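Each remark here refers to the structure printed beneath this line.
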Amino acid sequence: MQGPIGVFDSGFGGLTVLKSIAAKLPQYDYLYLGDNARAPYGSRSFETVYQYTLECVKYLFSQGCPLVILACNTASAKALRTIQQHDLAKIAPQNRVLGVIRPTTERVGEISQGKHVGVLGTRGTVQSESYVVEVHKFFPEVTISQEACPMWVPLIENNEHESPGASYFIEQHIKSLLEKDPQIDTIILGCTHYPLLKNQIEQFLSNKIQVLAQGDLVANSLVDYLQRHPEMETRLSKNGTFRFETTDDSNAFDEMGSRFFGQPIQSKTIHLPV
Ligand code: DGL
């Protein structure tokens with residue numbers, strides 16, 4: 001039995017990743033799940049993020065997805081390893097769950113010329129230290145500084161991210177990050193919501209600093225993964241379709257989600273746990 005690639009986020013952010021993945025791999029079917037009813041995850045405890053993420057992964061498996069991408073840094077930081085090492089063997093040993101942190105950290109040391117990298121993320125992602133640990137595994141010579149931006153996801157989810165109020169919070173965190181390390185030349189948008197803020201973020205940066213969204217990095221890494229894992233590739237259905245589901249109101253999801261995805265979407269509300 002073949003099935004779609006599951007793509008999960010706490011809300012809309014993962015749509016920025018799905019957009020890049022689908023551009024590179026248009027032949028596959030995709031099932032996107034946004035847990036909007038419980039978003040944001042960013043400031044929730046380790047245990048809560050893990051439980052919520054596990055429920056969503058189980059749901060995507062129940063819908064026939066052999067492979068699930070956690071297109072959410074917070075879930076990748078706080079739940080991915082436990083799911084891979086503890087739960088998968090019990091719930092679906094043949095299935096796989098991948099995250100967004102590894103594809104970013106394994107490349108960033110080559111992208112940063114000066115080897116000074118900044119990470120912007122949710123409080124949960126920053127506190128987990130996942131970026132620091134993972135970047136140093138691949139590039140011990142890189143200096144890495146982090147900044148938690150707890151207001152940014154709520155601003156985006158409430159469609160207030162282009163307001164003057166949002167500018168205040170964006171500037172505040174960019175300044176704070178650059179004070180931690182004025183030599184930063186590459187900034188990772190370590191939250192899949194943040195690509196929507198890319199232009200505003202760049203307004204507060206010199207053009208010597210590059211801002212890295214994760215979509216293309218994750219998409220390239222998935223292309224590579226599927227080449228190395230033909231046993232998974234053959235389990236993926238290939239009709240080029242999209243299905244969008246949310247745990248909250250579907251009209252609100254369609255309106256906001258279309259901005260993240262860059263084209264109109266039509267979602268369905270589902271209830272968890274199944
Ligand atoms: N999009 C998410 C991330 O990449 C989660 C944001 C949130 O729910 O706080 O971290």
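The way I read the labels, and the way they are meant: chains A, B, ... in the order of the structure tokens, residue 1 as the first residue of every chain, and ligand 1 as the first ligand shown, with later ones counted on from there.
With a cut-off of 6 Å and using only C-alpha atoms and all ligand atoms, the polymer residues contacting ligand 1 are Asp9, Ser10, Gly13, Ala39, Pro40, Tyr41, Gly42, Cys72, Asn73, Thr74, Thr122, Val153, Cys191, Thr192 and His193 of chain A.
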Just-selected residues, all heavy atoms written as a short mmCIF file (atom, residue, chain, number, x, y, z; two decimals), in the first residue's frame:
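Contents of the output file out.cif:
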data_model
loop_
_atom_site.label_atom_id
_atom_site.label_comp_id
_atom_site.auth_asym_id
_atom_site.auth_seq_id
_atom_site.Cartn_x
_atom_site.Cartn_y
_atom_site.Cartn_z
N ASP A 9 2.94 20.53 11.28
CA ASP A 9 3.40 21.70 12.05
C ASP A 9 2.33 22.02 13.10
O ASP A 9 1.18 21.59 12.98
CB ASP A 9 3.61 22.91 11.13
CG ASP A 9 4.14 24.13 11.91
OD1 ASP A 9 5.03 23.96 12.76
OD2 ASP A 9 3.66 25.25 11.68
N SER A 10 2.74 22.80 14.09
CA SER A 10 1.77 23.24 15.10
C SER A 10 0.67 24.09 14.44
O SER A 10 -0.43 24.18 14.96
CB SER A 10 2.49 24.07 16.17
OG SER A 10 3.08 25.20 15.56
N GLY A 13 3.15 27.34 9.86
CA GLY A 13 4.55 27.49 9.47
C GLY A 13 5.05 26.41 8.53
O GLY A 13 5.79 26.69 7.58
N ALA A 39 -1.86 25.44 18.82
CA ALA A 39 -0.70 26.31 18.53
C ALA A 39 -0.85 27.61 19.32
O ALA A 39 -1.97 28.00 19.63
CB ALA A 39 -0.65 26.61 17.03
N PRO A 40 0.26 28.29 19.60
CA PRO A 40 1.64 27.88 19.34
C PRO A 40 2.19 26.87 20.34
O PRO A 40 1.74 26.81 21.49
CB PRO A 40 2.41 29.20 19.43
CG PRO A 40 1.53 30.21 20.07
CD PRO A 40 0.15 29.67 20.10
N TYR A 41 3.14 26.08 19.86
CA TYR A 41 3.83 25.10 20.71
C TYR A 41 5.05 25.73 21.39
O TYR A 41 5.57 25.16 22.34
CB TYR A 41 4.37 23.95 19.85
CG TYR A 41 3.38 22.88 19.41
CD1 TYR A 41 2.01 23.03 19.55
CD2 TYR A 41 3.87 21.69 18.85
CE1 TYR A 41 1.15 22.02 19.11
CE2 TYR A 41 3.01 20.69 18.43
CZ TYR A 41 1.65 20.86 18.55
OH TYR A 41 0.82 19.86 18.13
N GLY A 42 5.50 26.86 20.83
CA GLY A 42 6.82 27.41 21.14
C GLY A 42 7.20 27.54 22.60
O GLY A 42 8.36 27.35 22.96
N CYS A 72 8.42 21.60 11.74
CA CYS A 72 8.29 22.47 12.91
C CYS A 72 9.55 22.28 13.74
O CYS A 72 9.87 21.15 14.13
CB CYS A 72 7.06 22.04 13.70
SG CYS A 72 6.86 22.87 15.27
N ASN A 73 10.26 23.38 13.98
CA ASN A 73 11.50 23.27 14.75
C ASN A 73 11.25 22.88 16.19
O ASN A 73 12.01 22.13 16.78
CB ASN A 73 12.26 24.59 14.71
CG ASN A 73 12.87 24.84 13.34
OD1 ASN A 73 14.00 24.47 13.10
ND2 ASN A 73 12.10 25.43 12.44
N THR A 74 10.18 23.42 16.75
CA THR A 74 9.89 23.15 18.16
C THR A 74 9.64 21.65 18.34
O THR A 74 10.19 21.03 19.26
CB THR A 74 8.67 23.98 18.61
OG1 THR A 74 8.87 25.34 18.21
CG2 THR A 74 8.49 23.92 20.10
N THR A 122 11.80 29.74 18.45
CA THR A 122 10.88 29.85 19.58
C THR A 122 11.67 29.60 20.88
O THR A 122 12.80 29.10 20.85
CB THR A 122 9.75 28.81 19.50
OG1 THR A 122 10.33 27.50 19.60
CG2 THR A 122 8.97 28.93 18.20
N VAL A 153 5.58 34.14 16.64
CA VAL A 153 4.56 33.20 16.11
C VAL A 153 3.15 33.70 16.42
O VAL A 153 2.29 33.73 15.52
CB VAL A 153 4.80 31.76 16.61
CG1 VAL A 153 3.61 30.86 16.26
CG2 VAL A 153 6.07 31.19 15.99
N CYS A 191 12.53 28.69 12.78
CA CYS A 191 11.11 28.46 13.05
C CYS A 191 10.43 28.57 11.69
O CYS A 191 10.68 29.54 10.95
CB CYS A 191 10.56 29.51 14.01
SG CYS A 191 8.77 29.44 14.18
N THR A 192 9.61 27.60 11.36
CA THR A 192 9.06 27.57 10.00
C THR A 192 8.02 28.65 9.75
O THR A 192 7.58 28.84 8.62
CB THR A 192 8.48 26.17 9.69
OG1 THR A 192 7.53 25.83 10.70
CG2 THR A 192 9.57 25.13 9.64
N HIS A 193 7.64 29.38 10.79
CA HIS A 193 6.77 30.54 10.59
C HIS A 193 7.55 31.76 10.08
O HIS A 193 6.98 32.66 9.46
CB HIS A 193 6.12 30.96 11.90
CG HIS A 193 4.96 30.12 12.32
ND1 HIS A 193 5.07 28.81 12.67
CD2 HIS A 193 3.64 30.45 12.47
CE1 HIS A 193 3.86 28.35 13.01
NE2 HIS A 193 2.99 29.33 12.90
#
* Write out as a list in words all residues of segment 197-260 of chain A that backbone DSSP assigns to strand (DSSP E or B). =>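 Secondary structure check on segment 197-260 of chain A, strand (DSSP E or B): Gln210, Val211, Leu212, Leu236, Phe242, Arg243, Phe244, Glu245 and Thr246 of chain A.
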* Would you please extract all helix (DSSP H, G or I) residues from segment 101-140 of chain A, as assigned by DSSP on the backbone, and give them as number ranges by chain? => A: 101-111, 123-128, 130-138
* Tell me, as a PyMOL selection string, which residues lie within 9 Å of Asn95 of chain A, counting only C-alpha atoms; anything in the same chain fewer than 5 positions away does not count. => chain A and resi 61+65-68+88-89+232
10 Å contact set for Asp181 of chain A, only C-alpha atoms, chain neighbours under 2 positions out, as a PDB file with N, CA and C atoms, in the first residue's frame:
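out-v4.pdb, freshly written:
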ATOM      1  N   HIS A 116      30.321  32.477  11.767  1.00  0.00           N
ATOM      2  CA  HIS A 116      29.568  33.037  12.893  1.00  0.00           C
ATOM      3  C   HIS A 116      28.087  33.005  12.510  1.00  0.00           C
ATOM      4  N   VAL A 117      27.333  32.169  13.220  1.00  0.00           N
ATOM      5  CA  VAL A 117      25.944  31.906  12.839  1.00  0.00           C
ATOM      6  C   VAL A 117      25.014  32.329  13.971  1.00  0.00           C
ATOM      7  N   GLY A 118      23.887  32.922  13.598  1.00  0.00           N
ATOM      8  CA  GLY A 118      22.843  33.247  14.580  1.00  0.00           C
ATOM      9  C   GLY A 118      21.612  32.384  14.314  1.00  0.00           C
ATOM     10  N   THR A 143      30.886  29.514  15.546  1.00  0.00           N
ATOM     11  CA  THR A 143      30.371  30.186  16.747  1.00  0.00           C
ATOM     12  C   THR A 143      28.880  30.383  16.538  1.00  0.00           C
ATOM     13  N   ILE A 144      28.080  29.934  17.484  1.00  0.00           N
ATOM     14  CA  ILE A 144      26.634  29.994  17.274  1.00  0.00           C
ATOM     15  C   ILE A 144      25.954  30.709  18.439  1.00  0.00           C
ATOM     16  N   SER A 145      25.117  31.681  18.085  1.00  0.00           N
ATOM     17  CA  SER A 145      24.393  32.460  19.100  1.00  0.00           C
ATOM     18  C   SER A 145      22.906  32.353  18.802  1.00  0.00           C
ATOM     19  N   GLN A 146      22.099  32.325  19.859  1.00  0.00           N
ATOM     20  CA  GLN A 146      20.669  32.117  19.659  1.00  0.00           C
ATOM     21  C   GLN A 146      19.850  33.244  20.288  1.00  0.00           C
ATOM     22  N   SER A 176      19.205  42.331  19.735  1.00  0.00           N
ATOM     23  CA  SER A 176      19.696  41.499  20.827  1.00  0.00           C
ATOM     24  C   SER A 176      20.590  40.365  20.303  1.00  0.00           C
ATOM     25  N   LEU A 177      20.206  39.762  19.191  1.00  0.00           N
ATOM     26  CA  LEU A 177      21.032  38.684  18.616  1.00  0.00           C
ATOM     27  C   LEU A 177      22.395  39.225  18.185  1.00  0.00           C
ATOM     28  N   LEU A 178      22.390  40.385  17.521  1.00  0.00           N
ATOM     29  CA  LEU A 178      23.659  40.920  17.012  1.00  0.00           C
ATOM     30  C   LEU A 178      24.548  41.455  18.140  1.00  0.00           C
ATOM     31  N   GLU A 179      23.933  41.817  19.265  1.00  0.00           N
ATOM     32  CA  GLU A 179      24.751  42.203  20.421  1.00  0.00           C
ATOM     33  C   GLU A 179      25.481  40.990  20.990  1.00  0.00           C
ATOM     34  N   GLN A 183      29.743  39.565  14.881  1.00  0.00           N
ATOM     35  CA  GLN A 183      30.371  39.003  13.673  1.00  0.00           C
ATOM     36  C   GLN A 183      29.465  38.036  12.898  1.00  0.00           C
ATOM     37  N   ILE A 184      28.239  37.892  13.356  1.00  0.00           N
ATOM     38  CA  ILE A 184      27.319  36.971  12.661  1.00  0.00           C
ATOM     39  C   ILE A 184      27.201  37.347  11.183  1.00  0.00           C
ATOM     40  N   ASP A 185      27.368  36.366  10.298  1.00  0.00           N
ATOM     41  CA  ASP A 185      27.168  36.637   8.864  1.00  0.00           C
ATOM     42  C   ASP A 185      26.015  35.824   8.272  1.00  0.00           C
TER      43      ASP A 185
END
* Asked: So, counting only C-alpha atoms, which residue among A:Pro182, A:Glu231, A:Leu226, A:Ser112 is closest to Val211 of chain A?
  ->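 Closest candidate: A:Ser112.
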* Asked: What lies within 10 Å of segment 197-207 of chain A using only C-alpha atoms, ignoring chain neighbours under 6 positions off, as a list in words?
  ->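 The neighbour list is Trp152, Ile156, His161, Glu162, Ala166, Ser167, Ile170, Glu171, Gln172, His173, Ile174, Lys175, Leu178, Asp185, Leu189 and Ala213 of chain A.
With only C-alpha atoms as the atoms that count, the residue of A:Gly190, A:Pro195, A:Gly262, A:Gly6 with the shortest distance to Val57 of chain A is A:Gly6.
Residue nearest Glu134 of chain A, chosen from A:Pro164, A:Pro4, A:Pro154, A:Pro103 and counting only C-alpha atoms: A:Pro103.
Going from atom CA of Asp249 of chain A to atom CA of Gln2 of chain A covers 29.2 Å.
Interatomic distance, atom CA of Tyr52 of chain A to atom CA of Phe242 of chain A: 23.0 Å.
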Can you check which parts of segment 114-216 of chain A lie within 10 Å of segment 255-258 of chain A? Per residue, the shortest pair of atoms and distance in Å to one decimal, counting only C-alpha atoms, sorted by chain and number, as JSON lines.
{"residue": "A:Ile156", "atom": "CA", "partner": "A:Met256", "partner_atom": "CA", "distance": 9.3}
{"residue": "A:Glu157", "atom": "CA", "partner": "A:Met256", "partner_atom": "CA", "distance": 8.0}
{"residue": "A:Asn158", "atom": "CA", "partner": "A:Met256", "partner_atom": "CA", "distance": 9.0}
{"residue": "A:Asn159", "atom": "CA", "partner": "A:Met256", "partner_atom": "CA", "distance": 7.7}
* Asked: Can you list, as number ranges by chain, every protein, DNA or RNA residue that comes within 7 Å of Asn239 of chain A when you count only C-alpha atoms, leaving out same-chain residues fewer than 3 positions away?
  -> A: 27-29
* **Neighbour list for Val133 of chain A as a count of residues only, cut-off 12 Å, only C-alpha atoms, skip fewer than 3 positions in-chain** => 20
* Structure fact -> One residue among A:Tyr30, A:Tyr194, A:Tyr59, A:Phe8 is nearest to Leu120 of chain A when using only C-alpha atoms, and that residue is A:Tyr194
* For Gln227 of chain A, which residue out of A:Val7, A:Ile69, A:Leu25, A:Ser20 is the nearest one, using only C-alpha atoms? -> A:Leu25
* To do: Determine the nearest neighbour of Gly14 of chain A from the options A:Thr269, A:Gln214, A:Gln94, A:Gln85, counting only C-alpha atoms.
  =>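 Between A:Thr269, A:Gln214, A:Gln94, A:Gln85, the residue approaching Gly14 of chain A most closely is A:Gln214.
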